[in-house]
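work_19.tsv (TSV, C-alpha atoms and all ligand atoms) appears below.
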chain	number	residue	atom	x	y	z
O	1	MET	CA	17.80	18.33	26.14
O	2	LYS	CA	15.64	21.45	25.99
O	3	MET	CA	13.19	21.37	23.07
O	4	PRO	CA	12.96	24.54	20.93
O	5	ALA	CA	9.53	26.13	20.42
O	6	LEU	CA	7.32	23.98	18.13
O	7	ASP	CA	6.26	26.88	15.91
O	8	THR	CA	9.91	27.44	14.91
O	9	PHE	CA	10.63	23.82	13.81
O	10	ASP	CA	11.35	24.96	10.20
O	11	GLU	CA	14.44	26.68	11.55
O	12	TRP	CA	15.72	23.82	13.74
O	13	THR	CA	19.18	22.41	13.10
O	14	PRO	CA	19.50	18.60	12.75
O	15	GLU	CA	21.01	18.50	16.25
O	16	GLU	CA	17.91	20.15	17.72
O	17	ILE	CA	15.41	17.62	16.27
O	18	PRO	CA	14.44	15.19	19.07
O	19	THR	CA	14.57	11.46	18.30
O	20	GLY	CA	11.24	10.19	16.99
O	21	PHE	CA	9.84	13.67	16.43
O	22	VAL	CA	7.16	14.06	13.71
O	23	ALA	CA	6.79	17.70	12.65
O	24	ASN	CA	3.69	17.32	10.46
O	25	ALA	CA	1.72	14.24	11.49
O	26	GLY	CA	-0.98	12.72	9.26
O	27	THR	CA	0.66	13.56	5.93
O	28	ALA	CA	1.56	10.01	4.79
O	29	ASP	CA	-1.21	9.96	2.17
O	30	GLN	CA	0.53	12.81	0.35
O	31	TYR	CA	3.51	10.58	-0.49
O	32	VAL	CA	3.99	7.26	-2.29
O	33	THR	CA	5.08	5.07	0.59
O	34	GLY	CA	4.42	1.61	-0.89
O	35	GLY	CA	7.52	1.66	-3.11
O	36	TRP	CA	9.63	-0.56	-0.89
O	37	ARG	CA	7.02	-3.34	-0.68
O	38	SER	CA	8.50	-6.78	-1.48
O	39	MET	CA	5.21	-8.71	-1.34
O	40	ARG	CA	1.89	-7.70	-2.92
O	41	PRO	CA	-1.65	-8.61	-1.87
O	42	VAL	CA	-3.77	-9.56	-4.88
O	43	TRP	CA	-7.54	-9.18	-4.71
O	44	PHE	CA	-9.92	-11.69	-6.33
O	45	LYS	CA	-13.06	-9.61	-6.73
O	46	ASP	CA	-15.35	-12.56	-7.51
O	47	ASN	CA	-14.61	-14.21	-4.14
O	48	CYS	CA	-14.96	-11.01	-2.11
O	49	VAL	CA	-18.11	-10.61	0.00
O	50	SER	CA	-17.09	-7.16	1.30
O	51	CYS	CA	-17.00	-8.38	4.90
O	52	MET	CA	-14.47	-5.55	5.57
O	53	MET	CA	-12.19	-7.64	7.79
O	54	CYS	CA	-9.20	-6.66	5.64
O	55	PHE	CA	-10.22	-3.00	5.87
O	56	LEU	CA	-10.36	-3.18	9.67
O	57	ALA	CA	-7.03	-4.99	9.91
O	58	CYS	CA	-4.94	-2.99	7.42
O	59	PRO	CA	-2.47	-0.80	9.35
O	60	ASP	CA	-1.99	1.51	6.37
O	61	SER	CA	-5.61	2.23	5.41
O	62	SER	CA	-4.86	0.75	1.99
O	63	ILE	CA	-8.09	-1.15	1.41
O	64	GLU	CA	-10.19	0.99	-0.91
O	65	VAL	CA	-13.90	1.17	-0.12
O	66	GLU	CA	-16.84	2.79	-1.89
O	67	ASP	CA	-20.43	2.68	-0.70
O	68	GLY	CA	-19.55	0.12	1.98
O	69	LYS	CA	-17.89	-2.30	-0.46
O	70	MET	CA	-14.28	-3.14	-1.13
O	71	VAL	CA	-13.21	-1.85	-4.55
O	72	GLY	CA	-9.46	-2.46	-4.56
O	73	ILE	CA	-6.10	-1.97	-2.92
O	74	ASP	CA	-4.14	1.28	-2.79
O	75	TYR	CA	-0.70	0.08	-3.92
O	76	ASP	CA	0.77	3.57	-3.51
O	77	HIS	CA	0.53	3.11	0.25
O	78	CYS	CA	0.23	-0.65	0.89
O	79	LYS	CA	3.42	-1.89	2.62
O	80	GLY	CA	2.85	-5.56	1.85
O	81	CYS	CA	2.57	-6.68	5.47
O	82	GLY	CA	0.09	-9.46	4.54
O	83	VAL	CA	-2.32	-8.89	7.43
O	84	CYS	CA	-5.26	-8.51	5.03
O	85	VAL	CA	-4.41	-11.82	3.34
O	86	HIS	CA	-4.24	-13.51	6.73
O	87	GLU	CA	-7.61	-12.09	7.82
O	88	CYS	CA	-9.61	-12.87	4.66
O	89	ARG	CA	-11.73	-15.99	5.19
O	90	PHE	CA	-13.12	-16.06	1.65
O	91	LYS	CA	-9.98	-16.72	-0.44
O	92	ALA	CA	-10.39	-13.26	-1.94
O	93	LEU	CA	-6.80	-12.21	-1.20
O	94	ASP	CA	-3.51	-13.87	-2.05
O	95	PHE	CA	0.08	-12.78	-1.59
O	96	ILE	CA	2.69	-12.74	-4.38
O	97	ARG	CA	6.23	-11.49	-4.72
O	98	GLU	CA	6.62	-8.06	-6.35
O	99	GLU	CA	9.18	-9.63	-8.73
O	100	GLU	CA	6.37	-11.72	-10.22
O	101	VAL	CA	4.40	-8.54	-10.98
O	102	VAL	CA	7.43	-6.95	-12.64
O	103	HIS	CA	8.05	-10.13	-14.66
O	104	GLU	CA	4.39	-10.20	-15.83
O	105	GLU	CA	4.53	-6.50	-16.78
O	106	GLU	CA	7.73	-7.08	-18.78
O	107	GLU	CA	6.09	-9.98	-20.63
O	108	GLU	CA	3.03	-7.84	-21.41
O	109	ILE	CA	5.22	-5.01	-22.74
O	110	ALA	CA	7.21	-7.48	-24.88
O	111	SER	CA	3.96	-8.90	-26.26
O	112	VAL	CA	2.65	-5.41	-27.17
O	113	ILE	CA	5.96	-4.62	-28.92
O	114	GLU	CA	5.81	-7.90	-30.88
O	115	LYS	CA	2.22	-7.20	-31.98
O	116	ALA	CA	3.18	-3.66	-33.06
O	117	LYS	CA	6.05	-5.09	-35.15
O	118	GLU	CA	3.69	-7.55	-36.87
O	119	ALA	CA	1.11	-4.88	-37.72
O	201	LIG	S1	-11.56	-9.77	3.97
O	201	LIG	FE1	-11.74	-10.81	1.98
O	201	LIG	S2	-13.94	-10.99	1.61
O	201	LIG	FE2	-13.69	-9.51	3.26
O	201	LIG	S3	-13.65	-7.50	2.20
O	201	LIG	FE3	-11.52	-8.19	2.39
O	201	LIG	S4	-11.06	-9.28	0.47
O	201	LIG	FE4	-13.30	-9.10	0.64
O	202	LIG	S1	-0.66	-6.01	2.75
O	202	LIG	FE1	-0.80	-4.87	4.71
O	202	LIG	S2	-0.65	-2.71	4.09
O	202	LIG	FE2	-1.14	-3.86	2.23
O	202	LIG	S3	-3.37	-3.77	2.07
O	202	LIG	FE3	-2.84	-5.68	3.16
O	202	LIG	S4	-2.93	-5.14	5.34
O	202	LIG	FE4	-2.84	-3.22	4.17
Any chance you could put this one into structure tokens?
Ligand code: SF4
Ligand code: SF4
Amino acid sequence: MKMPALDTFDEWTPEEIPTGFVANAGTADQYVTGGWRSMRPVWFKDNCVSCMMCFLACPDSSIEVEDGKMVGIDYDHCKGCGVCVHECRFKALDFIREEEVVHEEEEEIASVIEKAKEA
């Protein structure tokens, strides 16, 4: 199949788009791509020694770093692959189901509503 000129890709028909083609590479950070994660890495700051093994291993650049130290996890882009949890030797990362997070958030919201009713 002959590929149309790259600078005209905005005008391509679906039939003209080659399989696996990426028109604008390197734009993933502009979108929330962690929404379909089923498992969530949880960071225990007190155990973390900022060895950066998780940072090196993360395929989605979702380990947040400031001044050479880990400061958190970017859940907007983390896909929940678990590689960081596997690589951490300091028990500073664990892996939980996203359902547990939702359940905890629901309980927190219910507790806030109850307190507001009592006030
Ligand atoms: S691998 Fe573990 S100890 Fe090292 S930076 Fe990541 S969370 Fe911290
Ligand atoms: S679970 Fe995977 S994508 Fe998420 S922070 Fe860890 S290594 Fe990165």
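The shortest atom-to-atom distance to Ser62 in chain O, with all atoms listed in the file taken into account, belongs to O:Thr33 out of O:Ser111, O:Thr33, O:Thr13, O:Ser38.
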Point to revise | Contacts of Arg89 in chain O within 10 Å, only C-alpha atoms, excl. fewer than 3 positions in-chain, as an MDAnalysis selection string | key: chainID O and resid 47:49 51 53:54 84:86 92:93
**Study point:** Ref. answer, residues at most 10 Å from (1.7, 5.2, 0.1) with only C-alpha atoms, as a VMD selection string
**Key:** chain O and resid 28 to 36 60 to 62 74 to 79
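Put simply, CA of Arg97 in chain O is 22.4 Å away from CA of Met70 in chain O.
The space between CA of Ile96 in chain O and CA of Arg40 in chain O spans 5.3 Å.
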Centre, edges in Å (one decimal): axis-aligned box, range 66-77 of chain O, 8 Å padding on all six sides, as AutoDock Vina command-line options:
--center_x -9.8 --center_y 0.2 --center_z -1.3 --size_x 37.2 --size_y 22.7 --size_z 22.5
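The interatomic distance for the pair CA of Cys81 in chain O and CA of Leu56 in chain O works out to 14.0 Å.
The shortest atom-to-atom distance to ligand LIG 201 (chain O), with all atoms listed in the file taken into account, belongs to O:Cys88 out of O:Met39, O:Asp7, O:Cys88, O:Val71.
Nearest to ligand LIG 202 (chain O) of all the residues O:Glu16, O:Glu66, O:Glu98, O:Asp10 is O:Glu98, based on all atoms listed in the file.
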Check your understanding: Of the residues O:Val22, O:Ala116, O:Ala57, O:Val83, which is the one nearest to Leu6 in chain O, using all atoms listed in the file?
Key -> O:Val22
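Residues with any atom within 12 Å of Glu15 in chain O, counting only C-alpha atoms and excluding same-chain neighbours fewer than 6 positions away, are Met1, Lys2, Met3, Pro4 and Phe9 of chain O.
Shortest atom-to-atom contact with Gly72 in chain O among O:Ile113, O:Ala119, O:Met52, O:Glu107: O:Met52, counting all atoms listed in the file.
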